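Engineer: Contents are PDB, C-alpha atoms and all ligand atoms; file name structure-v1.pdb:
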ATOM      1  CA  MET V   2     145.162 197.327   3.234  1.00  0.00           C
ATOM      2  CA  LYS V   3     148.919 197.298   2.926  1.00  0.00           C
ATOM      3  CA  ILE V   4     150.725 195.070   5.372  1.00  0.00           C
ATOM      4  CA  ALA V   5     153.961 196.635   6.574  1.00  0.00           C
ATOM      5  CA  MET V   6     157.284 195.162   5.607  1.00  0.00           C
ATOM      6  CA  LEU V   7     159.875 194.936   8.336  1.00  0.00           C
ATOM      7  CA  SER V   8     161.706 197.724   6.513  1.00  0.00           C
ATOM      8  CA  ASP V   9     158.623 199.984   6.864  1.00  0.00           C
ATOM      9  CA  LEU V  10     158.624 199.461  10.633  1.00  0.00           C
ATOM     10  CA  HIS V  11     162.360 200.121  10.721  1.00  0.00           C
ATOM     11  CA  ASP V  12     161.759 203.580   9.212  1.00  0.00           C
ATOM     12  CA  GLY V  13     160.895 205.104  12.609  1.00  0.00           C
ATOM     13  CA  ALA V  14     163.116 207.458  14.583  1.00  0.00           C
ATOM     14  CA  ALA V  15     163.909 204.783  17.180  1.00  0.00           C
ATOM     15  CA  GLU V  16     166.020 202.954  14.577  1.00  0.00           C
ATOM     16  CA  ALA V  17     169.058 204.935  15.729  1.00  0.00           C
ATOM     17  CA  TYR V  18     168.767 203.311  19.179  1.00  0.00           C
ATOM     18  CA  LEU V  19     168.247 199.707  18.077  1.00  0.00           C
ATOM     19  CA  PRO V  20     171.152 197.400  19.007  1.00  0.00           C
ATOM     20  CA  GLU V  21     173.118 195.842  16.172  1.00  0.00           C
ATOM     21  CA  ARG V  22     172.730 192.357  17.579  1.00  0.00           C
ATOM     22  CA  LEU V  23     169.211 191.481  18.710  1.00  0.00           C
ATOM     23  CA  THR V  24     169.155 189.555  21.974  1.00  0.00           C
ATOM     24  CA  LYS V  25     166.785 189.669  24.902  1.00  0.00           C
ATOM     25  CA  ALA V  26     169.311 191.670  26.919  1.00  0.00           C
ATOM     26  CA  SER V  27     170.307 194.052  24.117  1.00  0.00           C
ATOM     27  CA  LEU V  28     166.679 194.783  23.217  1.00  0.00           C
ATOM     28  CA  HIS V  29     165.902 195.504  26.863  1.00  0.00           C
ATOM     29  CA  ASP V  30     168.968 197.612  27.638  1.00  0.00           C
ATOM     30  CA  SER V  31     169.024 199.682  24.455  1.00  0.00           C
ATOM     31  CA  LEU V  32     165.311 200.367  24.754  1.00  0.00           C
ATOM     32  CA  GLN V  33     165.884 202.218  28.007  1.00  0.00           C
ATOM     33  CA  ASP V  34     168.087 204.743  26.179  1.00  0.00           C
ATOM     34  CA  CYS V  35     165.600 205.413  23.369  1.00  0.00           C
ATOM     35  CA  ARG V  36     164.792 209.068  22.695  1.00  0.00           C
ATOM     36  CA  GLY V  37     163.034 208.433  19.384  1.00  0.00           C
ATOM     37  CA  CYS V  38     159.993 210.471  20.449  1.00  0.00           C
ATOM     38  CA  PRO V  39     159.082 212.602  23.492  1.00  0.00           C
ATOM     39  CA  LEU V  40     157.213 209.856  25.382  1.00  0.00           C
ATOM     40  CA  TRP V  41     160.243 208.760  27.420  1.00  0.00           C
ATOM     41  CA  GLU V  42     160.282 212.097  29.263  1.00  0.00           C
ATOM     42  CA  HIS V  43     157.274 211.420  31.485  1.00  0.00           C
ATOM     43  CA  ALA V  44     157.446 207.641  31.773  1.00  0.00           C
ATOM     44  CA  THR V  45     159.137 205.676  34.546  1.00  0.00           C
ATOM     45  CA  GLN V  46     160.831 203.327  32.109  1.00  0.00           C
ATOM     46  CA  ALA V  47     160.409 201.711  28.699  1.00  0.00           C
ATOM     47  CA  VAL V  48     158.556 198.401  28.731  1.00  0.00           C
ATOM     48  CA  PRO V  49     159.954 195.756  26.393  1.00  0.00           C
ATOM     49  CA  GLY V  50     158.096 192.703  25.148  1.00  0.00           C
ATOM     50  CA  GLU V  51     158.186 189.608  27.279  1.00  0.00           C
ATOM     51  CA  GLY V  52     158.287 185.958  26.378  1.00  0.00           C
ATOM     52  CA  ARG V  53     160.436 183.238  24.933  1.00  0.00           C
ATOM     53  CA  LYS V  54     162.403 183.553  21.738  1.00  0.00           C
ATOM     54  CA  SER V  55     160.756 180.291  20.673  1.00  0.00           C
ATOM     55  CA  SER V  56     157.231 181.719  21.007  1.00  0.00           C
ATOM     56  CA  ARG V  57     155.079 181.016  17.963  1.00  0.00           C
ATOM     57  CA  VAL V  58     152.446 183.572  18.891  1.00  0.00           C
ATOM     58  CA  MET V  59     153.217 187.264  19.378  1.00  0.00           C
ATOM     59  CA  LEU V  60     150.489 189.462  20.865  1.00  0.00           C
ATOM     60  CA  VAL V  61     150.866 193.191  20.231  1.00  0.00           C
ATOM     61  CA  GLY V  62     148.950 195.754  22.281  1.00  0.00           C
ATOM     62  CA  GLU V  63     149.027 199.536  22.228  1.00  0.00           C
ATOM     63  CA  GLN V  64     151.343 200.823  24.948  1.00  0.00           C
ATOM     64  CA  PRO V  65     152.163 200.126  28.609  1.00  0.00           C
ATOM     65  CA  GLY V  66     149.605 201.315  31.139  1.00  0.00           C
ATOM     66  CA  ASP V  67     150.100 202.787  34.597  1.00  0.00           C
ATOM     67  CA  ARG V  68     150.937 199.434  36.246  1.00  0.00           C
ATOM     68  CA  GLU V  69     153.163 198.301  33.383  1.00  0.00           C
ATOM     69  CA  ASP V  70     155.081 201.582  33.503  1.00  0.00           C
ATOM     70  CA  ILE V  71     155.862 201.007  37.178  1.00  0.00           C
ATOM     71  CA  ASP V  72     156.594 197.266  36.930  1.00  0.00           C
ATOM     72  CA  GLY V  73     158.468 197.420  33.616  1.00  0.00           C
ATOM     73  CA  ARG V  74     156.488 194.457  32.268  1.00  0.00           C
ATOM     74  CA  PRO V  75     153.742 194.362  29.609  1.00  0.00           C
ATOM     75  CA  PHE V  76     150.127 193.416  30.340  1.00  0.00           C
ATOM     76  CA  VAL V  77     150.364 193.139  34.131  1.00  0.00           C
ATOM     77  CA  GLY V  78     147.513 195.580  34.897  1.00  0.00           C
ATOM     78  CA  PRO V  79     143.737 195.059  34.666  1.00  0.00           C
ATOM     79  CA  ALA V  80     143.778 194.590  30.861  1.00  0.00           C
ATOM     80  CA  GLY V  81     146.591 192.078  31.262  1.00  0.00           C
ATOM     81  CA  ARG V  82     144.585 190.067  33.767  1.00  0.00           C
ATOM     82  CA  LEU V  83     141.679 190.002  31.343  1.00  0.00           C
ATOM     83  CA  LEU V  84     144.036 188.942  28.548  1.00  0.00           C
ATOM     84  CA  ASP V  85     145.374 186.103  30.733  1.00  0.00           C
ATOM     85  CA  GLU V  86     141.825 184.904  31.375  1.00  0.00           C
ATOM     86  CA  ALA V  87     140.924 185.065  27.671  1.00  0.00           C
ATOM     87  CA  LEU V  88     144.104 183.226  26.666  1.00  0.00           C
ATOM     88  CA  GLU V  89     143.386 180.517  29.201  1.00  0.00           C
ATOM     89  CA  GLN V  90     139.813 180.099  27.954  1.00  0.00           C
ATOM     90  CA  ALA V  91     141.102 179.925  24.386  1.00  0.00           C
ATOM     91  CA  GLY V  92     143.702 177.301  25.292  1.00  0.00           C
ATOM     92  CA  ILE V  93     146.773 179.458  24.718  1.00  0.00           C
ATOM     93  CA  ASP V  94     149.417 179.329  27.430  1.00  0.00           C
ATOM     94  CA  ARG V  95     150.582 182.905  28.072  1.00  0.00           C
ATOM     95  CA  GLU V  96     154.009 181.546  28.938  1.00  0.00           C
ATOM     96  CA  SER V  97     154.252 180.235  25.393  1.00  0.00           C
ATOM     97  CA  ALA V  98     153.352 183.582  23.814  1.00  0.00           C
ATOM     98  CA  PHE V  99     155.466 186.714  23.372  1.00  0.00           C
ATOM     99  CA  VAL V 100     153.547 189.745  24.616  1.00  0.00           C
ATOM    100  CA  THR V 101     154.458 193.283  23.646  1.00  0.00           C
ATOM    101  CA  ASN V 102     153.170 196.719  22.617  1.00  0.00           C
ATOM    102  CA  ALA V 103     153.412 198.896  19.524  1.00  0.00           C
ATOM    103  CA  VAL V 104     154.700 201.782  21.687  1.00  0.00           C
ATOM    104  CA  LYS V 105     157.113 201.132  24.540  1.00  0.00           C
ATOM    105  CA  HIS V 106     156.633 204.145  26.818  1.00  0.00           C
ATOM    106  CA  PHE V 107     153.467 205.037  28.732  1.00  0.00           C
ATOM    107  CA  LYS V 108     151.686 208.135  27.441  1.00  0.00           C
ATOM    108  CA  TRP V 109     149.513 209.744  30.047  1.00  0.00           C
ATOM    109  CA  GLU V 110     148.007 212.968  31.351  1.00  0.00           C
ATOM    110  CA  PRO V 111     147.556 213.930  35.004  1.00  0.00           C
ATOM    111  CA  ARG V 112     144.041 213.895  36.429  1.00  0.00           C
ATOM    112  CA  GLY V 113     144.309 214.767  40.110  1.00  0.00           C
ATOM    113  CA  LYS V 114     146.618 212.157  41.594  1.00  0.00           C
ATOM    114  CA  ARG V 115     145.932 209.692  38.784  1.00  0.00           C
ATOM    115  CA  ARG V 116     147.740 209.192  35.487  1.00  0.00           C
ATOM    116  CA  LEU V 117     145.197 208.782  32.724  1.00  0.00           C
ATOM    117  CA  HIS V 118     146.040 206.828  29.586  1.00  0.00           C
ATOM    118  CA  GLN V 119     146.402 208.879  26.412  1.00  0.00           C
ATOM    119  CA  LYS V 120     146.372 207.258  23.004  1.00  0.00           C
ATOM    120  CA  PRO V 121     149.742 207.575  21.244  1.00  0.00           C
ATOM    121  CA  ASN V 122     149.557 209.581  18.031  1.00  0.00           C
ATOM    122  CA  ARG V 123     150.635 208.409  14.614  1.00  0.00           C
ATOM    123  CA  SER V 124     154.104 209.946  14.730  1.00  0.00           C
ATOM    124  CA  GLU V 125     154.814 208.308  18.106  1.00  0.00           C
ATOM    125  CA  VAL V 126     153.657 204.919  16.806  1.00  0.00           C
ATOM    126  CA  GLU V 127     155.801 205.303  13.688  1.00  0.00           C
ATOM    127  CA  ALA V 128     158.801 206.450  15.738  1.00  0.00           C
ATOM    128  CA  CYS V 129     158.546 203.316  17.882  1.00  0.00           C
ATOM    129  CA  GLY V 130     158.148 200.909  14.929  1.00  0.00           C
ATOM    130  CA  PRO V 131     161.802 199.759  14.929  1.00  0.00           C
ATOM    131  CA  TRP V 132     161.378 198.193  18.390  1.00  0.00           C
ATOM    132  CA  LEU V 133     158.433 196.132  17.209  1.00  0.00           C
ATOM    133  CA  ALA V 134     160.393 195.211  14.085  1.00  0.00           C
ATOM    134  CA  GLY V 135     163.349 194.184  16.267  1.00  0.00           C
ATOM    135  CA  GLU V 136     161.128 191.985  18.439  1.00  0.00           C
ATOM    136  CA  ILE V 137     159.558 190.363  15.368  1.00  0.00           C
ATOM    137  CA  GLU V 138     163.032 189.666  13.973  1.00  0.00           C
ATOM    138  CA  TYR V 139     164.164 188.289  17.334  1.00  0.00           C
ATOM    139  CA  VAL V 140     161.152 185.981  17.875  1.00  0.00           C
ATOM    140  CA  ARG V 141     160.082 185.269  14.280  1.00  0.00           C
ATOM    141  CA  PRO V 142     156.531 184.394  15.321  1.00  0.00           C
ATOM    142  CA  ASP V 143     154.225 182.377  13.079  1.00  0.00           C
ATOM    143  CA  PHE V 144     151.189 184.196  14.432  1.00  0.00           C
ATOM    144  CA  LEU V 145     150.996 187.924  14.964  1.00  0.00           C
ATOM    145  CA  VAL V 146     147.885 188.954  16.893  1.00  0.00           C
ATOM    146  CA  LEU V 147     147.182 192.693  16.841  1.00  0.00           C
ATOM    147  CA  LEU V 148     145.184 193.834  19.857  1.00  0.00           C
ATOM    148  CA  GLY V 149     143.281 197.015  19.100  1.00  0.00           C
ATOM    149  CA  SER V 150     143.511 199.822  16.575  1.00  0.00           C
ATOM    150  CA  THR V 151     146.956 201.183  17.464  1.00  0.00           C
ATOM    151  CA  ALA V 152     148.681 197.828  16.904  1.00  0.00           C
ATOM    152  CA  ALA V 153     146.546 197.088  13.830  1.00  0.00           C
ATOM    153  CA  GLN V 154     147.276 200.461  12.254  1.00  0.00           C
ATOM    154  CA  ALA V 155     150.993 200.192  13.048  1.00  0.00           C
ATOM    155  CA  VAL V 156     151.170 196.990  11.008  1.00  0.00           C
ATOM    156  CA  LEU V 157     148.267 197.180   8.560  1.00  0.00           C
ATOM    157  CA  GLY V 158     148.175 200.894   7.796  1.00  0.00           C
ATOM    158  CA  SER V 159     146.432 203.911   9.231  1.00  0.00           C
ATOM    159  CA  ASP V 160     143.224 203.317   7.229  1.00  0.00           C
ATOM    160  CA  VAL V 161     142.544 199.995   8.894  1.00  0.00           C
ATOM    161  CA  ARG V 162     139.487 199.681  11.105  1.00  0.00           C
ATOM    162  CA  VAL V 163     139.587 196.731  13.500  1.00  0.00           C
ATOM    163  CA  THR V 164     135.793 196.503  13.408  1.00  0.00           C
ATOM    164  CA  ARG V 165     136.021 195.657   9.684  1.00  0.00           C
ATOM    165  CA  ILE V 166     138.845 193.125   9.698  1.00  0.00           C
ATOM    166  CA  ARG V 167     138.514 191.626  13.147  1.00  0.00           C
ATOM    167  CA  GLY V 168     139.103 187.870  13.191  1.00  0.00           C
ATOM    168  CA  GLU V 169     140.206 187.773   9.533  1.00  0.00           C
ATOM    169  CA  VAL V 170     143.393 185.736   9.258  1.00  0.00           C
ATOM    170  CA  LEU V 171     145.855 187.175   6.743  1.00  0.00           C
ATOM    171  CA  THR V 172     148.355 184.598   5.541  1.00  0.00           C
ATOM    172  CA  ASP V 173     151.880 184.684   4.121  1.00  0.00           C
ATOM    173  CA  THR V 174     152.485 188.265   5.146  1.00  0.00           C
ATOM    174  CA  PRO V 175     155.957 189.852   5.193  1.00  0.00           C
ATOM    175  CA  LEU V 176     155.894 189.860   9.004  1.00  0.00           C
ATOM    176  CA  ALA V 177     154.494 186.439   9.911  1.00  0.00           C
ATOM    177  CA  ALA V 178     152.758 183.475   8.312  1.00  0.00           C
ATOM    178  CA  HIS V 179     149.513 184.553   9.957  1.00  0.00           C
ATOM    179  CA  VAL V 180     148.357 187.994  11.081  1.00  0.00           C
ATOM    180  CA  MET V 181     145.046 188.666  12.787  1.00  0.00           C
ATOM    181  CA  ALA V 182     143.565 191.781  14.369  1.00  0.00           C
ATOM    182  CA  THR V 183     141.108 191.774  17.225  1.00  0.00           C
ATOM    183  CA  VAL V 184     140.112 194.146  19.998  1.00  0.00           C
ATOM    184  CA  HIS V 185     142.350 195.306  22.831  1.00  0.00           C
ATOM    185  CA  PRO V 186     141.346 193.712  26.147  1.00  0.00           C
ATOM    186  CA  SER V 187     140.950 197.182  27.709  1.00  0.00           C
ATOM    187  CA  SER V 188     137.957 197.738  25.390  1.00  0.00           C
ATOM    188  CA  ILE V 189     136.219 194.836  27.121  1.00  0.00           C
ATOM    189  CA  LEU V 190     136.865 196.444  30.502  1.00  0.00           C
ATOM    190  CA  ARG V 191     135.188 199.587  29.174  1.00  0.00           C
ATOM    191  CA  THR V 192     132.140 197.698  27.865  1.00  0.00           C
ATOM    192  CA  ARG V 193     129.034 198.193  29.991  1.00  0.00           C
ATOM    193  CA  ASP V 194     128.251 195.393  32.407  1.00  0.00           C
ATOM    194  CA  GLY V 195     125.327 193.951  30.436  1.00  0.00           C
ATOM    195  CA  ASP V 196     127.409 193.542  27.265  1.00  0.00           C
ATOM    196  CA  ARG V 197     130.728 192.547  28.806  1.00  0.00           C
ATOM    197  CA  HIS V 198     130.109 188.818  28.764  1.00  0.00           C
ATOM    198  CA  ASP V 199     129.398 188.823  25.005  1.00  0.00           C
ATOM    199  CA  ALA V 200     132.417 191.053  24.340  1.00  0.00           C
ATOM    200  CA  MET V 201     134.630 188.632  26.234  1.00  0.00           C
ATOM    201  CA  GLU V 202     133.166 185.638  24.390  1.00  0.00           C
ATOM    202  CA  ALA V 203     133.859 187.282  21.030  1.00  0.00           C
ATOM    203  CA  PHE V 204     137.448 188.037  22.083  1.00  0.00           C
ATOM    204  CA  VAL V 205     137.992 184.468  23.270  1.00  0.00           C
ATOM    205  CA  ASP V 206     136.546 183.185  19.968  1.00  0.00           C
ATOM    206  CA  ASP V 207     139.156 185.207  18.065  1.00  0.00           C
ATOM    207  CA  LEU V 208     141.923 183.763  20.221  1.00  0.00           C
ATOM    208  CA  ARG V 209     140.504 180.238  19.809  1.00  0.00           C
ATOM    209  CA  GLN V 210     140.934 180.658  16.099  1.00  0.00           C
ATOM    210  CA  VAL V 211     144.631 181.353  16.706  1.00  0.00           C
ATOM    211  CA  ALA V 212     144.866 178.328  19.042  1.00  0.00           C
ATOM    212  CA  ARG V 213     143.306 176.098  16.367  1.00  0.00           C
ATOM    213  CA  LEU V 214     145.729 177.310  13.715  1.00  0.00           C
ATOM    214  CA  VAL V 215     148.710 176.811  16.032  1.00  0.00           C
ATOM    215  CA  SER V 216     147.545 173.304  16.804  1.00  0.00           C
ATOM    216  CA  ALA V 217     146.880 172.498  13.122  1.00  0.00           C
ATOM    217  CA  SER V 218     150.292 173.746  12.073  1.00  0.00           C
ATOM    218  CA  ARG V 219     151.934 171.600  14.779  1.00  0.00           C
ATOM    219  CA  SER V 220     150.299 168.429  13.522  1.00  0.00           C
ATOM    220  CA  ARG V 221     151.432 169.028   9.934  1.00  0.00           C
TER     221      ARG V 221
HETATM  222  S1  LIG V 301     157.872 205.489  22.828  1.00  0.00           S
HETATM  223 FE1  LIG V 301     159.229 204.275  21.546  1.00  0.00          FE
HETATM  224  S2  LIG V 301     160.216 205.736  20.133  1.00  0.00           S
HETATM  225 FE2  LIG V 301     159.299 206.904  21.815  1.00  0.00          FE
HETATM  226  S3  LIG V 301     161.018 207.141  23.252  1.00  0.00           S
HETATM  227 FE3  LIG V 301     159.821 205.339  23.869  1.00  0.00          FE
HETATM  228  S4  LIG V 301     160.848 203.615  22.936  1.00  0.00           S
HETATM  229 FE4  LIG V 301     161.561 205.451  21.895  1.00  0.00          FE
END
Written as C-alpha cells, that's how I'd like the structure from this file.
Structural biologist:
Amino acid sequence: MKIAMLSDLHDGAAEAYLPERLTKASLHDSLQDCRGCPLWEHATQAVPGEGRKSSRVMLVGEQPGDREDIDGRPFVGPAGRLLDEALEQAGIDRESAFVTNAVKHFKWEPRGKRRLHQKPNRSEVEACGPWLAGEIEYVRPDFLVLLGSTAAQAVLGSDVRVTRIRGEVLTDTPLAAHVMATVHPSSILRTRDGDRHDAMEAFVDDLRQVARLVSASRSR
C-alpha cells in the first residue's frame, strides 16, 4: 500500500483550475469552473468540502449524491443523515469535522425520472485529486477518515481493499498524522434490514477509534 503524497494528488487534470491562494472562497469559486473531467457537464454544480479550517478530522466520501448536487453541500442526503447519526454516537461533533468527497461533481445515469448514482472511474478520481489535495492543504487535518473504496483508493492506491484495511490506523503519513479507512455510510443503507444494526455498530466503532485518538492527542 502506497500512501499518496500531496504531489501525487496534485497530478490530476483539475490542477489547472486550482486557485493560487487556498481560501474557503477561492476553493469554492474556482471549483465551479473546473473542467478537469467530463463530470461537470451533467451536474447541477460542483460540491466543495464543508467545515472549519481548524477542523482536526477530515472525512472523505466518494462523490456528491442527488441531494448534494442540488443543495451544493456534501453529505446532506440519506447517507449524510446516517453519517450524522454515526458521528453523534461516536462522540464526534460534525460541526468540528471537515466533510468532503474525492470527486466533486455528481456522476449519474437517468432511470425514468430518477438520477441513479454511478461510481466515478479511476481517471475521474485522479482528475479530481487536486481539489482534495487543496482541501487537505487548506485544513491540514490530523485525522483523515476515508469513507469507502473510492476515497480509500484515491489516497491509498487502486489496489487497496477497504475490507482488508478497515479500522487500521496508519500514522505519520504524508497527508495527515493519522489515516483510517472505513465503509461509506451508503453501504449501510444498502445492507439488508437484519444486518443493518451490526453494520452501523461496526461503523460507529471505527469512528469511536478516531474520537479516542482525537481526545488522546488533545490531552497530550
Ligand atoms: S469531477 Fe472534479 S475534475 Fe471533474 S470536472 Fe468536477 S471538479 Fe473537475
Engineer: Quick one: residues within 9 Å of Leu171 in chain V, all atoms listed in the file counted, chain neighbours fewer than 4 positions away excluded, as a PyMOL selection string?
Structural biologist: chain V and resi 178-181
Engineer: List as JSON lines every residue of chain V that is in contact with ligand LIG 301 (chain V), defined as an atom at most 7 Å from one of its atoms (using all atoms listed in the file), together with the nearest atom pair and the distance in Å rounded to one decimal, sorted by chain and then rising number.
Structural biologist:
{"residue": "V:Ala14", "atom": "CA", "partner": "V:LIG301", "partner_atom": "S2", "distance": 6.5}
{"residue": "V:Ala15", "atom": "CA", "partner": "V:LIG301", "partner_atom": "S2", "distance": 4.8}
{"residue": "V:Leu32", "atom": "CA", "partner": "V:LIG301", "partner_atom": "S4", "distance": 5.8}
{"residue": "V:Cys35", "atom": "CA", "partner": "V:LIG301", "partner_atom": "FE4", "distance": 4.3}
{"residue": "V:Arg36", "atom": "CA", "partner": "V:LIG301", "partner_atom": "S3", "distance": 4.3}
{"residue": "V:Gly37", "atom": "CA", "partner": "V:LIG301", "partner_atom": "S2", "distance": 4.0}
{"residue": "V:Cys38", "atom": "CA", "partner": "V:LIG301", "partner_atom": "FE2", "distance": 3.9}
{"residue": "V:Pro39", "atom": "CA", "partner": "V:LIG301", "partner_atom": "S3", "distance": 5.8}
{"residue": "V:Leu40", "atom": "CA", "partner": "V:LIG301", "partner_atom": "FE2", "distance": 5.1}
{"residue": "V:Trp41", "atom": "CA", "partner": "V:LIG301", "partner_atom": "S3", "distance": 4.5}
{"residue": "V:Ala47", "atom": "CA", "partner": "V:LIG301", "partner_atom": "FE3", "distance": 6.1}
{"residue": "V:Val104", "atom": "CA", "partner": "V:LIG301", "partner_atom": "S1", "distance": 5.0}
{"residue": "V:Lys105", "atom": "CA", "partner": "V:LIG301", "partner_atom": "S1", "distance": 4.7}
{"residue": "V:His106", "atom": "CA", "partner": "V:LIG301", "partner_atom": "S1", "distance": 4.4}
{"residue": "V:Glu125", "atom": "CA", "partner": "V:LIG301", "partner_atom": "FE2", "distance": 6.0}
{"residue": "V:Ala128", "atom": "CA", "partner": "V:LIG301", "partner_atom": "S2", "distance": 4.7}
{"residue": "V:Cys129", "atom": "CA", "partner": "V:LIG301", "partner_atom": "S2", "distance": 3.7}
Engineer: Measure the distance from CA of Met201 in chain V to CA of Ile189 in chain V in Å and round it to one decimal.
Structural biologist: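 Straight-line distance from CA of Met201 in chain V to CA of Ile189 in chain V works out to 6.5 Å.
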Engineer: What gap, in Å, lies between CA of Ala152 in chain V and CA of Glu63 in chain V?
Structural biologist: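 Separation between CA of Ala152 in chain V and CA of Glu63 in chain V: 5.6 Å.
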Engineer: Of the candidates V:Leu147, V:Ala134, V:Gly52, V:Val61, which shows the shortest atom-to-atom distance to Pro175 in chain V, using all atoms listed in the file?
Structural biologist: V:Ala134
Engineer: Residue by residue, what does the PyMOL selection byres (((chain V and resi 209-217) around 12) and not hetatm) grab here? Present the result as a PyMOL selection string.
Structural biologist: chain V and resi 56-60+87-95+97-98+142-147+167-172+178-183+202-208+218-221
Engineer: For the selection just defined, write its residues with C-alpha atoms to a file, as a compact mmCIF listing (two decimals), in the coordinates of the input.
Structural biologist:
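Done, and the output landed in again_25.txt:
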# COMPACT_ATOMS: atom_id res chain seq x y z
CA SER V 56 157.23 181.72 21.01
CA ARG V 57 155.08 181.02 17.96
CA VAL V 58 152.45 183.57 18.89
CA MET V 59 153.22 187.26 19.38
CA LEU V 60 150.49 189.46 20.86
CA ALA V 87 140.92 185.06 27.67
CA LEU V 88 144.10 183.23 26.67
CA GLU V 89 143.39 180.52 29.20
CA GLN V 90 139.81 180.10 27.95
CA ALA V 91 141.10 179.92 24.39
CA GLY V 92 143.70 177.30 25.29
CA ILE V 93 146.77 179.46 24.72
CA ASP V 94 149.42 179.33 27.43
CA ARG V 95 150.58 182.90 28.07
CA SER V 97 154.25 180.24 25.39
CA ALA V 98 153.35 183.58 23.81
CA PRO V 142 156.53 184.39 15.32
CA ASP V 143 154.22 182.38 13.08
CA PHE V 144 151.19 184.20 14.43
CA LEU V 145 151.00 187.92 14.96
CA VAL V 146 147.88 188.95 16.89
CA LEU V 147 147.18 192.69 16.84
CA ARG V 167 138.51 191.63 13.15
CA GLY V 168 139.10 187.87 13.19
CA GLU V 169 140.21 187.77 9.53
CA VAL V 170 143.39 185.74 9.26
CA LEU V 171 145.85 187.18 6.74
CA THR V 172 148.35 184.60 5.54
CA ALA V 178 152.76 183.48 8.31
CA HIS V 179 149.51 184.55 9.96
CA VAL V 180 148.36 187.99 11.08
CA MET V 181 145.05 188.67 12.79
CA ALA V 182 143.56 191.78 14.37
CA THR V 183 141.11 191.77 17.23
CA GLU V 202 133.17 185.64 24.39
CA ALA V 203 133.86 187.28 21.03
CA PHE V 204 137.45 188.04 22.08
CA VAL V 205 137.99 184.47 23.27
CA ASP V 206 136.55 183.18 19.97
CA ASP V 207 139.16 185.21 18.07
CA LEU V 208 141.92 183.76 20.22
CA SER V 218 150.29 173.75 12.07
CA ARG V 219 151.93 171.60 14.78
CA SER V 220 150.30 168.43 13.52
CA ARG V 221 151.43 169.03 9.93
Engineer: Have a look at CA of Gly158 in chain V and CA of Ala5 in chain V and let me know their distance in Å, one decimal.
Structural biologist: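 Computed distance, CA of Gly158 in chain V to CA of Ala5 in chain V, equals 7.3 Å.
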Engineer: Could you pull the residues within 8 Å of range 159-163 of chain V, counting all atoms listed in the file, minus those fewer than 4 positions along the same chain, as a ChimeraX atom specification?
Structural biologist: /V:2,149-150,153-155,167,182-184
Engineer: Applied to the shown file, which residues does the PyMOL selection byres (((chain V and resi 120) around 10) and not hetatm) return, written as a list in words?
Structural biologist: Glu63, Gln64, Phe107, Lys108, Trp109, Leu117, His118, Gln119, Pro121, Asn122, Arg123, Glu125, Val126 and Thr151 of chain V
Engineer: Quick one: write out the picked residues with C-alpha atoms as a PDB file, in the frame of the given file?
Structural biologist:
ATOM      1  CA  GLU V  63     149.027 199.536  22.228  1.00  0.00           C
ATOM      2  CA  GLN V  64     151.343 200.823  24.948  1.00  0.00           C
ATOM      3  CA  PHE V 107     153.467 205.037  28.732  1.00  0.00           C
ATOM      4  CA  LYS V 108     151.686 208.135  27.441  1.00  0.00           C
ATOM      5  CA  TRP V 109     149.513 209.744  30.047  1.00  0.00           C
ATOM      6  CA  LEU V 117     145.197 208.782  32.724  1.00  0.00           C
ATOM      7  CA  HIS V 118     146.040 206.828  29.586  1.00  0.00           C
ATOM      8  CA  GLN V 119     146.402 208.879  26.412  1.00  0.00           C
ATOM      9  CA  PRO V 121     149.742 207.575  21.244  1.00  0.00           C
ATOM     10  CA  ASN V 122     149.557 209.581  18.031  1.00  0.00           C
ATOM     11  CA  ARG V 123     150.635 208.409  14.614  1.00  0.00           C
ATOM     12  CA  GLU V 125     154.814 208.308  18.106  1.00  0.00           C
ATOM     13  CA  VAL V 126     153.657 204.919  16.806  1.00  0.00           C
ATOM     14  CA  THR V 151     146.956 201.183  17.464  1.00  0.00           C
TER      15      THR V 151
END
Engineer: Got a sec to resolve the PyMOL selection byres (((chain V and resi 70-80) around 6) and not hetatm) on this structure and send the residues as a PyMOL selection string?
Structural biologist: chain V and resi 45+48+65-69+81-83+186-187
Engineer: Pick from V:Val100, V:Trp132, V:Ser55, V:Gly113: nearest to Ala17 in chain V, with all atoms listed in the file counted?
Structural biologist: V:Trp132
Engineer: Just need the box for range 135-143 of chain V, edges along x, y and z, holding every atom the file lists for it with 5 Å tacked onto each side, so centre and edge lengths in Å to one decimal, as lines of an AutoDock Vina configuration file.
Structural biologist:
center_x = 159.2
center_y = 188.3
center_z = 15.8
size_x = 19.9
size_y = 21.8
size_z = 15.4
Engineer: Between V:Thr174, V:Thr164, V:Ser27, V:Ser188, which has the minimum distance to Gly62 in chain V (counting all atoms listed in the file)?
Structural biologist: V:Ser188
